[in-house]
>>> print(open('start.csv').read())   # CSV, C-alpha atoms
chain,number,residue,atom,x,y,z
A,1,MET,CA,10.0,12.6,2.7
A,2,VAL,CA,11.2,12.5,6.3
A,3,THR,CA,11.8,15.9,7.9
A,4,SER,CA,15.5,16.7,7.5
A,5,SER,CA,17.7,16.8,10.6
A,6,SER,CA,21.3,17.7,11.1
A,7,ASN,CA,21.7,15.0,13.7
A,8,ARG,CA,23.7,12.1,12.4
A,9,VAL,CA,23.7,8.8,14.3
A,10,ASP,CA,25.6,5.6,14.5
A,11,PHE,CA,24.4,2.5,12.7
A,12,ARG,CA,22.8,0.8,15.7
A,13,THR,CA,20.8,4.0,16.6
A,14,LEU,CA,19.8,4.3,12.9
A,15,GLN,CA,18.6,0.7,12.9
A,16,SER,CA,16.6,1.3,16.1
A,17,ILE,CA,15.0,4.5,14.6
A,18,CYS,CA,14.0,2.7,11.4
A,19,ASP,CA,12.5,-0.3,13.3
A,20,LEU,CA,10.5,2.1,15.5
A,21,ARG,CA,9.2,3.9,12.4
A,22,THR,CA,8.1,0.6,10.9
A,23,VAL,CA,6.1,-0.3,14.1
A,24,ALA,CA,4.5,3.1,14.1
A,25,ARG,CA,3.7,2.9,10.4
A,26,HIS,CA,1.9,-0.4,11.0
A,27,THR,CA,-0.6,1.4,13.3
A,28,GLY,CA,-4.2,1.5,12.1
A,29,ASP,CA,-6.1,4.7,11.7
A,30,ASP,CA,-8.5,3.8,14.5
A,31,ILE,CA,-5.6,3.5,16.9
A,32,LEU,CA,-4.2,6.8,15.7
A,33,ARG,CA,-7.6,8.5,16.3
A,34,ARG,CA,-7.7,7.1,19.9
A,35,ILE,CA,-4.2,8.4,20.6
A,36,ALA,CA,-4.8,11.8,19.1
A,37,ALA,CA,-8.3,12.3,20.7
A,38,GLY,CA,-8.6,15.6,22.5
A,39,THR,CA,-5.7,17.2,20.7
A,40,ASP,CA,-6.2,20.9,19.8
A,41,SER,CA,-6.2,20.3,16.0
A,42,PRO,CA,-8.9,20.3,13.3
A,43,ALA,CA,-7.6,16.8,12.2
A,44,PRO,CA,-5.5,15.3,14.9
A,45,ALA,CA,-5.4,11.8,13.6
A,46,ASP,CA,-4.2,13.1,10.2
A,47,ASP,CA,-1.5,15.2,12.0
A,48,LEU,CA,-0.3,12.1,13.8
A,49,ARG,CA,-0.3,10.1,10.6
A,50,HIS,CA,1.8,12.9,9.0
A,51,LEU,CA,4.2,12.9,11.9
A,52,ILE,CA,4.7,9.1,11.5
A,53,GLN,CA,4.7,8.7,7.7
A,54,THR,CA,6.3,12.0,6.6
A,55,GLY,CA,8.1,13.3,9.6
A,56,GLY,CA,9.7,9.9,10.4
A,57,CYS,CA,8.4,10.0,14.0
A,58,ARG,CA,10.5,13.1,14.7
A,59,ILE,CA,8.6,16.0,16.3
A,60,GLY,CA,10.2,19.0,14.5
A,61,ASP,CA,7.7,21.8,14.5
A,62,PRO,CA,4.9,23.3,16.7
A,63,GLN,CA,2.2,21.4,14.8
A,64,GLY,CA,3.9,18.1,15.6
A,65,PHE,CA,4.5,19.2,19.2
A,66,ARG,CA,0.8,19.7,19.8
A,67,LEU,CA,0.6,15.9,19.7
A,68,HIS,CA,3.2,15.3,22.3
A,69,ASN,CA,1.0,15.4,25.4
A,70,ALA,CA,-1.5,13.0,23.7
A,71,LEU,CA,1.4,10.6,22.9
A,72,VAL,CA,2.8,10.8,26.5
A,73,LEU,CA,-0.7,10.0,27.9
A,74,ALA,CA,-1.3,7.1,25.6
A,75,ALA,CA,2.1,5.7,26.4
A,76,ALA,CA,1.1,5.7,30.1
A,77,LEU,CA,-2.2,3.8,29.7
A,78,PRO,CA,-1.4,0.2,28.8
A,79,ASP,CA,-4.4,-1.2,30.6
A,80,ASP,CA,-6.8,1.1,28.9
A,81,ASP,CA,-5.6,0.7,25.3
A,82,PHE,CA,-2.6,-1.6,24.8
A,83,PRO,CA,-2.2,-1.1,21.0
A,84,ALA,CA,-2.3,2.7,21.4
A,85,PHE,CA,0.2,2.4,24.3
A,86,LEU,CA,2.7,0.5,22.2
A,87,ALA,CA,2.3,2.8,19.2
A,88,ALA,CA,2.7,6.0,21.2
A,89,THR,CA,5.7,4.5,22.9
A,90,THR,CA,7.5,3.8,19.6
A,91,VAL,CA,6.9,7.3,18.3
A,92,LEU,CA,8.2,8.9,21.5
A,93,ILE,CA,11.4,6.8,21.6
A,94,ALA,CA,12.0,7.5,17.9
A,95,ASP,CA,11.6,11.2,18.5
A,96,ARG,CA,14.0,11.1,21.4
A,97,LEU,CA,16.6,9.2,19.4
A,98,GLN,CA,16.4,11.8,16.7
A,99,HIS,CA,16.6,14.7,19.1
A,100,GLY,CA,13.1,16.0,18.3
A,101,LEU,CA,11.1,18.4,20.4
A,102,GLY,CA,9.7,15.7,22.8
A,103,SER,CA,10.7,16.8,26.2
A,104,ASP,CA,10.0,13.6,28.2
A,105,ASP,CA,13.0,11.3,28.5
A,106,LEU,CA,10.6,8.4,29.3
A,107,PHE,CA,12.5,7.4,32.5
A,108,TRP,CA,9.3,7.0,34.5
A,109,HIS,CA,7.7,5.2,31.6
A,110,TRP,CA,10.4,2.6,31.7
A,111,ASP,CA,10.2,2.3,35.5
A,112,ALA,CA,6.5,1.9,35.5
A,113,PHE,CA,5.8,-0.1,32.3
A,114,ARG,CA,8.7,-2.4,31.5
A,115,GLU,CA,6.6,-5.4,32.4
A,116,HIS,CA,3.9,-4.3,30.0
A,117,TYR,CA,6.4,-4.0,27.2
A,118,ALA,CA,7.3,-7.6,27.8
A,119,LEU,CA,3.7,-8.5,27.0
A,120,ALA,CA,3.9,-7.3,23.4
A,121,ASP,CA,4.6,-9.6,20.5
A,122,PRO,CA,8.3,-10.5,20.2
A,123,GLN,CA,9.1,-8.1,17.3
A,124,ARG,CA,7.4,-5.0,18.9
A,125,ARG,CA,8.8,-5.9,22.3
A,126,ALA,CA,12.4,-6.2,21.0
A,127,VAL,CA,12.0,-2.9,19.0
A,128,ILE,CA,10.8,-1.0,22.0
A,129,LEU,CA,13.5,-2.4,24.4
A,130,GLN,CA,16.2,-1.9,21.8
A,131,GLY,CA,15.0,1.7,21.6
A,132,TYR,CA,15.3,2.2,25.3
A,133,ASP,CA,18.8,0.6,25.2
A,134,ARG,CA,19.9,3.0,22.5
A,135,MET,CA,18.6,6.0,24.5
A,136,ALA,CA,20.6,4.8,27.5
A,137,GLN,CA,23.7,4.2,25.4
A,138,ASN,CA,23.4,7.6,23.8
A,139,GLY,CA,23.0,9.4,27.2
A,140,LEU,CA,19.4,10.4,26.5
A,141,VAL,CA,18.0,8.6,29.6
A,142,ASN,CA,19.5,7.2,32.7
A,143,LEU,CA,18.0,3.7,33.3
A,144,GLU,CA,18.9,2.2,36.7
A,145,ASP,CA,17.8,-1.2,35.5
A,146,PRO,CA,18.4,-1.3,31.7
A,147,PRO,CA,17.2,-4.1,29.4
A,148,SER,CA,19.2,-7.3,29.7
A,149,PRO,CA,20.9,-8.9,26.7
A,150,ALA,CA,18.1,-11.5,26.5
A,151,ASP,CA,15.5,-8.7,26.5
A,152,LEU,CA,17.0,-7.3,23.3
A,153,LEU,CA,16.5,-10.5,21.2
A,154,THR,CA,13.6,-10.9,18.9
A,155,GLU,CA,13.9,-14.6,19.2
A,156,GLU,CA,16.2,-17.1,20.9
A,157,ARG,CA,19.3,-18.3,19.1
A,158,ALA,CA,18.4,-22.0,18.7
A,159,GLY,CA,15.5,-21.3,16.5
A,160,VAL,CA,17.4,-19.0,14.2
A,161,ALA,CA,20.4,-21.3,14.0
A,162,ASP,CA,18.2,-24.2,13.1
A,163,ALA,CA,16.5,-22.2,10.4
A,164,LEU,CA,19.8,-21.1,8.9
A,165,ALA,CA,21.0,-24.7,8.9
A,166,GLU,CA,18.2,-25.5,6.5
A,167,GLU,CA,19.3,-22.7,4.1
A,168,ALA,CA,21.9,-24.0,1.7
A,169,SER,CA,23.9,-20.9,1.0
A,170,VAL,CA,27.4,-19.6,1.9
A,171,SER,CA,26.0,-16.6,3.6
A,172,ALA,CA,23.6,-18.6,5.8
A,173,PHE,CA,26.6,-20.7,6.9
A,174,ALA,CA,28.7,-17.6,7.6
A,175,ILE,CA,26.0,-15.8,9.6
A,176,ARG,CA,25.4,-18.9,11.7
A,177,ALA,CA,29.1,-19.4,12.3
A,178,ALA,CA,29.4,-15.7,13.4
A,179,PHE,CA,26.9,-16.2,16.2
A,180,ASP,CA,29.5,-17.6,18.5
A,181,GLY,CA,32.7,-16.8,16.7
A,182,ALA,CA,35.0,-13.8,16.6
A,183,ASP,CA,33.8,-10.5,15.4
A,184,PRO,CA,33.0,-10.6,11.7
A,185,ASP,CA,35.8,-9.3,9.5
A,186,ALA,CA,35.6,-6.0,7.6
A,187,GLY,CA,34.1,-7.5,4.5
A,188,PHE,CA,31.5,-9.6,6.3
A,189,TRP,CA,28.6,-7.1,6.1
A,190,ALA,CA,29.1,-6.3,2.5
A,191,THR,CA,29.4,-9.9,1.5
A,192,HIS,CA,26.9,-11.7,3.7
A,193,CYS,CA,24.4,-9.0,4.8
A,194,THR,CA,24.0,-6.1,2.3
A,195,PRO,CA,22.8,-8.4,-0.5
A,196,TYR,CA,19.9,-9.6,1.6
A,197,LEU,CA,18.5,-6.3,2.9
A,198,ASP,CA,16.1,-5.9,-0.1
A,199,PRO,CA,12.4,-6.9,0.0
A,200,TYR,CA,13.1,-10.1,-2.0
A,201,ALA,CA,15.7,-11.6,0.2
A,202,PRO,CA,15.0,-15.0,1.9
A,203,PRO,CA,13.4,-14.2,5.3
A,204,VAL,CA,15.6,-16.7,7.1
A,205,LEU,CA,18.7,-14.7,6.2
A,206,LEU,CA,17.1,-11.5,7.5
A,207,ARG,CA,16.3,-13.3,10.7
A,208,GLY,CA,19.9,-14.4,11.0
A,209,ILE,CA,21.4,-10.9,10.3
A,210,ARG,CA,19.0,-9.4,12.8
A,211,HIS,CA,19.9,-11.9,15.5
A,212,LEU,CA,23.6,-11.4,14.9
A,213,LEU,CA,23.2,-7.7,15.3
A,214,GLU,CA,21.0,-8.0,18.4
A,215,SER,CA,23.2,-10.6,20.1
A,216,ARG,CA,26.6,-8.9,19.3
A,217,PRO,CA,26.1,-5.4,20.8
A,218,ASP,CA,29.8,-4.4,20.4
A,219,TRP,CA,29.9,-5.2,16.7
A,220,ASP,CA,29.7,-2.2,14.4
A,221,PRO,CA,29.3,-3.3,10.8
A,222,HIS,CA,30.0,0.2,9.5
A,223,ASP,CA,33.1,0.9,11.5
A,224,GLY,CA,31.9,4.1,13.2
A,225,ASP,CA,30.2,5.7,10.1
A,226,LEU,CA,27.4,8.1,10.9
A,227,PHE,CA,24.1,8.4,9.1
A,228,ASP,CA,21.3,11.0,8.7
A,229,PRO,CA,18.0,9.3,9.5
A,230,ALA,CA,16.2,11.8,7.2
A,231,GLU,CA,17.9,10.3,4.1
A,232,SER,CA,16.4,7.6,2.0
A,233,GLY,CA,17.9,4.2,1.0
A,234,LEU,CA,19.5,3.7,4.4
A,235,PRO,CA,21.5,0.4,4.9
A,236,VAL,CA,19.3,-1.1,7.6
A,237,ILE,CA,17.8,-4.5,8.2
A,238,ARG,CA,14.2,-4.6,7.0
A,239,LEU,CA,11.7,-5.4,9.8
A,240,ASP,CA,9.2,-8.0,8.5
A,241,LEU,CA,6.6,-7.0,11.1
A,242,GLN,CA,3.9,-9.5,11.8
A,243,VAL,CA,0.6,-7.8,12.3
A,244,PRO,CA,-1.2,-9.3,15.3
>>> encode(input="start.csv", output="C-alpha cells")
Amino acid sequence: MVTSSSNRVDFRTLQSICDLRTVARHTGDDILRRIAAGTDSPAPADDLRHLIQTGGCRIGDPQGFRLHNALVLAAALPDDDFPAFLAATTVLIADRLQHGLGSDDLFWHWDAFREHYALADPQRRAVILQGYDRMAQNGLVNLEDPPSPADLLTEERAGVADALAEEASVSAFAIRAAFDGADPDAGFWATHCTPYLDPYAPPVLLRGIRHLLESRPDWDPHDGDLFDPAESGLPVIRLDLQVP
C-alpha cells in the first residue's frame, strides 16, 4: 500500500502522479541497481524498489531520503545512463508533486536536460513533461520556459482521431467530437470516459480520453474535487506503457 499522505490534489495532478508511478514501476531491477549504487544501505536497490512500489514514489521517511542524492545524480546524467536518467526523473517529480521529502525543485534539471527528455519514447516524454507542467502549475517550481502545449501530447491529434473514427461506438464519436468542440458537459466523463478506465477497455478509447485530457488543459472532469494519491481505486486514465 502506498504510504499515506494528508496532501490531497486535483485530478490533473493525480493523473500525473499515477502516470509517473507507472513509468517508475516499469523500471528493471538492473536499472534500479545502477541508480542506487553507492547509497549507504545494505540493500539499496531493494529500498528503491520499495520506494517506488510501496511508497508510491513519495519519499516519506529517512530510509527513503537516503536515496535522494542517488536519484538526483542519476537524473543529471543522461549521457551516462539514459534509462536510469528517465527513471530517476520520474521518481523525483512524483515525490515533488506529493510534497515528499525531496528538497530539489528540479529547476536546473529542466533548464539543462529538457532536450534530453524530448529524446524519450512518446509516452515517457509526455509523462515527464506533464509532470514538470503540473509542478509549475502548482507553484512547486518556477520554469522560465515551461513545456509548450504540443510538448504535453503523447501523440498528435490526427492519428488519434483517425483511430477513433474506426471505432463504432457512441463514446468514440463523442470523444472525437470533443477534441475541437466546447468543454464536455457535466455528464461526459461518467458516460464516455469512466466505463473505459478498466484494463479490458478498447485501447483506442483510452488513447482518445488521454488525448482529450492532454489537449484541453482547462477542462476539469471532476469539477474541482480533490483526491488522496495514497488511496486505491483512483479514477485515472490507465497508462498502457510500451516497454522499449
>>> atom_distance(input="start.csv", atom1="atom CA of Leu20 of chain A", atom2="atom CA of Thr90 of chain A")
5.4 Å
>>> residues_around(input="start.csv", residues="Arg33 of chain A", least_positions_apart="6", cutoff="9 Å", atoms="all atoms listed in the file", output="VMD selection string")
chain A and resid 44 to 46 48
>>> closest_residue(input="start.csv", among="A:Ala37, A:Val236, A:Thr89, A:Asp81", to="Leu67 of chain A", atoms="all atoms listed in the file")
A:Ala37
>>> closest_residue(input="start.csv", among="A:Asp79, A:Thr194, A:His99, A:Asp19", to="Gly139 of chain A", atoms="all atoms listed in the file")
A:His99
>>> closest_residue(input="start.csv", among="A:Val170, A:Leu71, A:Ala182, A:Leu241", to="Pro203 of chain A", atoms="only C-alpha atoms")
A:Leu241
>>> residues_around(input="start.csv", residues="Ile209 of chain A", least_positions_apart="6", cutoff="12 Å", atoms="only C-alpha atoms", output="PyMOL selection string")
chain A and resi 153-154+157+160-161+164+171-179+184+188-197+201-203+215-216+221+236-239
>>> closest_residue(input="start.csv", among="A:Tyr132, A:Tyr200, A:Tyr117, A:Phe85", to="Pro146 of chain A", atoms="all atoms listed in the file")
A:Tyr132
>>> atom_distance(input="start.csv", atom1="atom CA of Ala87 of chain A", atom2="atom CA of Ile52 of chain A")
10.2 Å
>>> residues_around(input="start.csv", residues="Gly55 of chain A", least_positions_apart="5", cutoff="12 Å", atoms="all atoms listed in the file", output="mmCIF file with C-alpha atoms, in the frame of the given file")
data_model
loop_
_atom_site.group_PDB
_atom_site.id
_atom_site.type_symbol
_atom_site.label_atom_id
_atom_site.label_comp_id
_atom_site.auth_asym_id
_atom_site.auth_seq_id
_atom_site.Cartn_x
_atom_site.Cartn_y
_atom_site.Cartn_z
ATOM 1 C CA MET A 1 10.000 12.600 2.700
ATOM 2 C CA VAL A 2 11.200 12.500 6.300
ATOM 3 C CA THR A 3 11.800 15.900 7.900
ATOM 4 C CA SER A 4 15.500 16.700 7.500
ATOM 5 C CA SER A 5 17.700 16.800 10.600
ATOM 6 C CA ARG A 21 9.200 3.900 12.400
ATOM 7 C CA ALA A 24 4.500 3.100 14.100
ATOM 8 C CA ARG A 25 3.700 2.900 10.400
ATOM 9 C CA ASP A 47 -1.500 15.200 12.000
ATOM 10 C CA LEU A 48 -0.300 12.100 13.800
ATOM 11 C CA ARG A 49 -0.300 10.100 10.600
ATOM 12 C CA HIS A 50 1.800 12.900 9.000
ATOM 13 C CA GLY A 60 10.200 19.000 14.500
ATOM 14 C CA ASP A 61 7.700 21.800 14.500
ATOM 15 C CA GLN A 63 2.200 21.400 14.800
ATOM 16 C CA GLY A 64 3.900 18.100 15.600
ATOM 17 C CA PHE A 65 4.500 19.200 19.200
ATOM 18 C CA VAL A 91 6.900 7.300 18.300
ATOM 19 C CA ALA A 94 12.000 7.500 17.900
ATOM 20 C CA ASP A 95 11.600 11.200 18.500
ATOM 21 C CA GLN A 98 16.400 11.800 16.700
ATOM 22 C CA GLY A 100 13.100 16.000 18.300
ATOM 23 C CA PRO A 229 18.000 9.300 9.500
ATOM 24 C CA ALA A 230 16.200 11.800 7.200
ATOM 25 C CA GLU A 231 17.900 10.300 4.100
#
>>> atom_distance(input="start.csv", atom1="atom CA of Leu226 of chain A", atom2="atom CA of Asp10 of chain A")
4.7 Å
>>> closest_residue(input="start.csv", among="A:His116, A:Asp198, A:His211, A:Gly187", to="Gly159 of chain A", atoms="all atoms listed in the file")
A:His211
>>> closest_residue(input="start.csv", among="A:Pro147, A:Asp180, A:Asn138, A:Gln130", to="Arg114 of chain A", atoms="only C-alpha atoms")
A:Pro147
>>> residues_around(input="start.csv", residues="Leu152 of chain A", least_positions_apart="3", cutoff="7 Å", atoms="all atoms listed in the file", output="number ranges by chain")
A: 126, 129-130, 147-149, 214
>>> residues_around(input="start.csv", residues="Asp145 of chain A", least_positions_apart="4", cutoff="12 Å", atoms="only C-alpha atoms", output="PyMOL selection string")
chain A and resi 107-108+110-112+114+129+132-133+136+141+151
